[in-house]
Amino acid sequence: MEIKKIGVVGAGTMGGGIAQVCVGGGFEVVVREVADEFLDKGMARIRKGIDKWVEKGIVEAPAAEKMLAALRGSTDLADLYDCDLVIEAIIEDLDAKTQVFQQLDAGCGDDAILASNTSSISITRLAAATERPTRVVGMHFFNPVPLMKLVEIVRGEMTSDDVHDVIEELARGLQKTPVTVADVPGFVSNRVLMPMINEAVFCLQEGVATAEDIDTVMKLGMAHPMGPLRLADLIGLDVCLAIMEVLHRGYGDSKYRPCPLLRRKVDAGHVGRKAGRGFYTY
Ligand SMILES: NC(=O)c1ccc[n+]([C@@H]2O[C@H](COP(=O)([O-])OP(=O)(O)OC[C@H]3O[C@@H](n4cnc5c(N)ncnc54)[C@H](O)[C@@H]3O)[C@@H](O)[C@H]2O)c1
């Protein structure tokens with residue numbers, strides 16, 4: 001099957017970035033938000049992202065014009081029903097995502113592929129809520145989407161080989177490097193990253209070293225571009241805690257228990273950069 005038109009549900013941090021790389025890849029894109037206010041904000045961010053490509057010389061002005069012409073926003077999910085692929089990037093909530101998947105399943109053509117950008121919800125579960133479980137797949141992009149090269153392609157229990165292959169080729173067409181992973185809690189990315197962050201928080205809690213020194217060890221000793229505690233602040237400590245809880249619940253293994261200090265920071269509202277305060281002050 002050929003993908004020509006892509007729908008993106010949610011124009012937040014991830015949805016906006018996904019829409020931008022999709023128009024950048026030459027696709028016609030329709031973005032859906034819940035209200036005009038969010039849609040306007042999201043569309044403005046996508047346009048700004050394309051302008052930035054022009055400023056940096058990544059894209060010529062006429063090509064940018066074409067991209068803008070291929071981009072449309074809507075608050076009506078029905079405007080996505082004629083898409084060949086819909087990528088869902090709404091809030092990380094099972095009920096909200098299930099509802100969107102069921103609506104898309106009922107409205108979209110039989111051949112359409114439904115993908116989710118979820119970080120932690122089971123693709124198999126979302127697929128099972130539809131009448132097309134073989135045509136449901138995970139496309140896990142990374143923030144900021146225009147810059148980050150990786151897409152984890154999450155194969156649900158019922159995802160067909162054809163759908164997997166189409167999505168893999170699409171990811172390459174979007175100038176990303178796809179890696180196929182099984183539908184397990186945390187996939188590969190968060191299953192490896194989050195326990196490392198959690199362990200760094202344990203080191204801080206136990207007074208093994210200061211936050212700055214823990215980050216310095218990982219930057220200078222392991223060549224990480226950013227220390228785990230600063231990265232946690234960037235991701236959001238609430239997001240980190242939620243993912244640790246998913247891993248802990250999903251595997252039933254105590255090695256994934258969230259560090260009490262991480263929980264305390266979240267309880268205090270010191271959830272990182274977005275709150276002006278986390279392990280560091282901003
Ligand atoms: N932020 C990250 O670093 C990151 C990385 C990878 C994956 N993800 C995943 O991507 C998804 C989106 O995360 P985000 O950071 O972009 O969140 P966000 O809060 O920035 O954006 C979510 C957007 O979805 C909109 N929305 C909610 N319900 C909707 C609906 N029914 N229809 C259309 N729009 C709706 C909201 O108005 C909001 O603008 C989540 O599943 C998250 O787990 C996030």
# chains A, B, ... in the order shown; residues from 1 in each chain; ligands from 1
call {"tool": "residues_around", "arguments": {"residues": "segment 138-149 of chain A", "least_positions_apart": "4", "cutoff": "10 Å", "atoms": "only C-alpha atoms", "output": "MDAnalysis selection string"}}
result
chainID A and resid 13:22 24 49:50 53 87:89 114:124 126:127 153:156 159 164 167:168 171:172 174:183 187 189 235
call {"tool": "write_last_selection", "arguments": {"atoms": "N, CA and C atoms", "output": "short mmCIF file (atom, residue, chain, number, x, y, z; two decimals), in the first residue's frame"}}
result
data_model
loop_
_atom_site.label_atom_id
_atom_site.label_comp_id
_atom_site.auth_asym_id
_atom_site.auth_seq_id
_atom_site.Cartn_x
_atom_site.Cartn_y
_atom_site.Cartn_z
N THR A 13 3.62 18.88 21.89
CA THR A 13 5.06 18.75 21.68
C THR A 13 5.36 17.72 20.60
N MET A 14 4.81 16.54 20.72
CA MET A 14 5.15 15.45 19.81
C MET A 14 4.35 15.52 18.51
N GLY A 15 3.05 15.72 18.62
CA GLY A 15 2.20 15.76 17.42
C GLY A 15 2.66 16.84 16.45
N GLY A 16 3.01 18.01 16.99
CA GLY A 16 3.48 19.12 16.15
C GLY A 16 4.74 18.71 15.41
N GLY A 17 5.67 18.11 16.14
CA GLY A 17 6.94 17.67 15.53
C GLY A 17 6.71 16.60 14.48
N ILE A 18 5.81 15.68 14.77
CA ILE A 18 5.51 14.59 13.82
C ILE A 18 4.89 15.16 12.55
N ALA A 19 3.95 16.10 12.72
CA ALA A 19 3.31 16.73 11.56
C ALA A 19 4.37 17.45 10.72
N GLN A 20 5.29 18.13 11.39
CA GLN A 20 6.35 18.87 10.68
C GLN A 20 7.21 17.92 9.84
N VAL A 21 7.66 16.81 10.44
CA VAL A 21 8.53 15.91 9.65
C VAL A 21 7.73 15.21 8.54
N CYS A 22 6.44 15.02 8.76
CA CYS A 22 5.62 14.37 7.71
C CYS A 22 5.44 15.30 6.51
N GLY A 24 7.45 17.64 5.81
CA GLY A 24 8.83 17.73 5.32
C GLY A 24 9.17 16.55 4.42
N GLY A 49 8.58 25.83 12.97
CA GLY A 49 9.59 24.78 12.75
C GLY A 49 10.02 24.74 11.29
N ILE A 50 9.06 24.93 10.38
CA ILE A 50 9.39 24.92 8.94
C ILE A 50 10.21 26.18 8.59
N TRP A 53 13.73 25.64 9.37
CA TRP A 53 14.43 24.85 8.35
C TRP A 53 14.96 25.79 7.25
N ILE A 87 -1.45 9.00 12.81
CA ILE A 87 -0.54 8.85 13.95
C ILE A 87 -1.14 9.60 15.13
N GLU A 88 -1.45 8.87 16.18
CA GLU A 88 -2.06 9.48 17.38
C GLU A 88 -0.95 9.92 18.33
N ALA A 89 -1.03 11.19 18.77
CA ALA A 89 -0.03 11.73 19.70
C ALA A 89 -0.73 12.62 20.73
N LEU A 114 -3.40 2.58 11.66
CA LEU A 114 -3.52 3.43 12.85
C LEU A 114 -2.28 3.23 13.71
N ALA A 115 -1.57 4.33 13.98
CA ALA A 115 -0.34 4.24 14.77
C ALA A 115 -0.45 5.10 16.01
N SER A 116 0.27 4.70 17.05
CA SER A 116 0.31 5.51 18.27
C SER A 116 1.75 5.86 18.60
N ASN A 117 1.92 7.09 19.11
CA ASN A 117 3.25 7.54 19.54
C ASN A 117 3.42 7.32 21.05
N THR A 118 2.57 6.50 21.64
CA THR A 118 2.64 6.30 23.09
C THR A 118 4.04 5.88 23.57
N SER A 119 4.37 6.33 24.80
CA SER A 119 5.66 5.94 25.40
C SER A 119 5.50 4.69 26.25
N SER A 120 4.26 4.41 26.68
CA SER A 120 4.14 3.36 27.69
C SER A 120 2.86 2.52 27.63
N ILE A 121 1.94 2.91 26.76
CA ILE A 121 0.68 2.15 26.71
C ILE A 121 0.83 1.00 25.70
N SER A 122 0.22 -0.14 26.02
CA SER A 122 0.34 -1.32 25.18
C SER A 122 -0.34 -1.12 23.83
N ILE A 123 0.44 -1.31 22.75
CA ILE A 123 -0.10 -1.22 21.38
C ILE A 123 -1.11 -2.35 21.17
N THR A 124 -0.80 -3.50 21.74
CA THR A 124 -1.69 -4.67 21.60
C THR A 124 -3.07 -4.36 22.18
N LEU A 126 -4.42 -1.31 22.57
CA LEU A 126 -5.11 -0.33 21.70
C LEU A 126 -5.65 -1.05 20.47
N ALA A 127 -4.84 -1.97 19.92
CA ALA A 127 -5.24 -2.70 18.72
C ALA A 127 -6.48 -3.54 18.99
N ILE A 153 9.72 1.27 16.21
CA ILE A 153 8.49 0.73 15.62
C ILE A 153 8.04 -0.40 16.53
N VAL A 154 6.88 -0.21 17.14
CA VAL A 154 6.43 -1.18 18.13
C VAL A 154 5.45 -2.14 17.47
N ARG A 155 5.87 -3.40 17.44
CA ARG A 155 5.02 -4.44 16.85
C ARG A 155 4.08 -4.96 17.92
N GLY A 156 2.79 -4.69 17.75
CA GLY A 156 1.80 -5.26 18.65
C GLY A 156 1.72 -6.76 18.37
N THR A 159 0.13 -7.05 14.96
CA THR A 159 0.57 -6.21 13.84
C THR A 159 1.06 -7.10 12.68
N HIS A 164 4.01 -3.51 9.32
CA HIS A 164 5.33 -3.22 9.87
C HIS A 164 6.27 -2.69 8.80
N ILE A 167 5.50 0.85 7.55
CA ILE A 167 5.86 1.87 8.55
C ILE A 167 7.39 2.03 8.63
N GLU A 168 8.07 0.92 8.47
CA GLU A 168 9.54 0.98 8.49
C GLU A 168 10.05 1.82 7.31
N ALA A 171 9.29 5.49 7.92
CA ALA A 171 10.22 6.12 8.88
C ALA A 171 11.52 6.50 8.16
N ARG A 172 11.99 5.61 7.30
CA ARG A 172 13.22 5.92 6.53
C ARG A 172 12.98 7.12 5.61
N LEU A 174 11.13 9.53 6.18
CA LEU A 174 11.10 10.74 7.01
C LEU A 174 12.50 11.06 7.53
N GLN A 175 13.50 10.39 6.97
CA GLN A 175 14.92 10.59 7.36
C GLN A 175 15.19 10.13 8.79
N LYS A 176 14.42 9.15 9.25
CA LYS A 176 14.64 8.60 10.60
C LYS A 176 15.26 7.21 10.49
N THR A 177 15.81 6.76 11.59
CA THR A 177 16.33 5.40 11.64
C THR A 177 15.35 4.56 12.45
N PRO A 178 14.67 3.62 11.80
CA PRO A 178 13.70 2.81 12.55
C PRO A 178 14.37 1.63 13.25
N VAL A 179 13.90 1.33 14.43
CA VAL A 179 14.33 0.12 15.14
C VAL A 179 13.05 -0.60 15.58
N THR A 180 12.93 -1.86 15.22
CA THR A 180 11.72 -2.59 15.56
C THR A 180 11.85 -3.20 16.95
N VAL A 181 10.83 -2.98 17.77
CA VAL A 181 10.85 -3.51 19.14
C VAL A 181 9.53 -4.23 19.43
N ALA A 182 9.59 -5.14 20.38
CA ALA A 182 8.36 -5.85 20.78
C ALA A 182 7.53 -4.94 21.68
N ASP A 183 6.27 -5.27 21.80
CA ASP A 183 5.34 -4.47 22.60
C ASP A 183 5.46 -4.87 24.07
N PHE A 187 9.33 -0.42 26.02
CA PHE A 187 10.02 -0.80 24.77
C PHE A 187 11.51 -0.98 25.10
N SER A 189 13.82 1.85 24.63
CA SER A 189 14.31 3.17 25.04
C SER A 189 14.08 3.45 26.52
N ILE A 235 12.90 15.98 30.75
CA ILE A 235 11.77 15.11 30.40
C ILE A 235 10.56 15.45 31.26
#
call {"tool": "select_by_dssp", "arguments": {"residues": "segment 54-86 of chain A", "states": "alpha helix (DSSP H)", "output": "ChimeraX atom specification"}}
result
/A:54-55,61-69
call {"tool": "write_last_selection", "arguments": {"atoms": "N, CA and C atoms", "output": "mmCIF file, in the first residue's frame"}}
result
data_model
loop_
_atom_site.group_PDB
_atom_site.id
_atom_site.type_symbol
_atom_site.label_atom_id
_atom_site.label_comp_id
_atom_site.auth_asym_id
_atom_site.auth_seq_id
_atom_site.Cartn_x
_atom_site.Cartn_y
_atom_site.Cartn_z
ATOM 1 N N VAL A 54 14.115 26.780 6.888
ATOM 2 C CA VAL A 54 14.513 27.717 5.825
ATOM 3 C C VAL A 54 15.689 28.561 6.321
ATOM 4 N N GLU A 55 15.567 29.090 7.537
ATOM 5 C CA GLU A 55 16.646 29.923 8.113
ATOM 6 C C GLU A 55 17.975 29.182 8.143
ATOM 7 N N ALA A 61 13.073 28.120 0.298
ATOM 8 C CA ALA A 61 11.794 28.803 0.530
ATOM 9 C C ALA A 61 10.634 28.228 -0.306
ATOM 10 N N PRO A 62 10.833 27.951 -1.609
ATOM 11 C CA PRO A 62 9.690 27.408 -2.380
ATOM 12 C C PRO A 62 9.231 26.039 -1.860
ATOM 13 N N ALA A 63 10.193 25.219 -1.397
ATOM 14 C CA ALA A 63 9.832 23.897 -0.853
ATOM 15 C C ALA A 63 9.043 24.083 0.449
ATOM 16 N N ALA A 64 9.435 25.071 1.231
ATOM 17 C CA ALA A 64 8.727 25.350 2.491
ATOM 18 C C ALA A 64 7.282 25.771 2.195
ATOM 19 N N GLU A 65 7.126 26.572 1.130
ATOM 20 C CA GLU A 65 5.777 27.011 0.726
ATOM 21 C C GLU A 65 4.906 25.798 0.401
ATOM 22 N N LYS A 66 5.514 24.842 -0.292
ATOM 23 C CA LYS A 66 4.796 23.612 -0.662
ATOM 24 C C LYS A 66 4.381 22.844 0.583
ATOM 25 N N MET A 67 5.311 22.780 1.545
ATOM 26 C CA MET A 67 5.019 22.061 2.799
ATOM 27 C C MET A 67 3.842 22.718 3.521
ATOM 28 N N LEU A 68 3.886 24.053 3.572
ATOM 29 C CA LEU A 68 2.809 24.771 4.268
ATOM 30 C C LEU A 68 1.471 24.546 3.567
ATOM 31 N N ALA A 69 1.530 24.452 2.233
ATOM 32 C CA ALA A 69 0.304 24.242 1.464
ATOM 33 C C ALA A 69 -0.245 22.825 1.686
#
call {"tool": "select_by_dssp", "arguments": {"residues": "segment 12-247 of chain A", "states": "strand (DSSP E or B)", "output": "NGL selection string"}}
result
:A and (28-32 or 71-74 or 85-88 or 113-116 or 136-140 or 150-155 or 177-182)
call {"tool": "residues_around", "arguments": {"residues": "Leu80 of chain A", "least_positions_apart": "5", "cutoff": "9 Å", "atoms": "only C-alpha atoms", "output": "PyMOL selection string"}}
result
chain A and resi 5-9+30-32+74+85-86+104+107-108
call {"tool": "closest_residue", "arguments": {"among": "A:Leu39, A:Ile197, A:Ala211, A:Val29", "to": "ligand 1", "atoms": "only C-alpha atoms and all ligand atoms"}}
result
A:Leu39
call {"tool": "closest_residue", "arguments": {"among": "A:Glu92, A:Asp36, A:Glu245, A:Asp238", "to": "ligand 1", "atoms": "only C-alpha atoms and all ligand atoms"}}
result
A:Glu92
call {"tool": "closest_residue", "arguments": {"among": "A:Asp105, A:Thr134, A:Gly173, A:Pro195", "to": "Asp161 of chain A", "atoms": "only C-alpha atoms"}}
result
A:Thr134
call {"tool": "atom_distance", "arguments": {"atom1": "atom CA of Gly10 of chain A", "atom2": "atom 31 (N, counted along the ligand's line) of ligand 1"}}
result
7.1 Å
call {"tool": "closest_residue", "arguments": {"among": "A:Ile90, A:Ile3, A:Cys203, A:Ala232", "to": "ligand 1", "atoms": "only C-alpha atoms and all ligand atoms"}}
result
A:Ile90
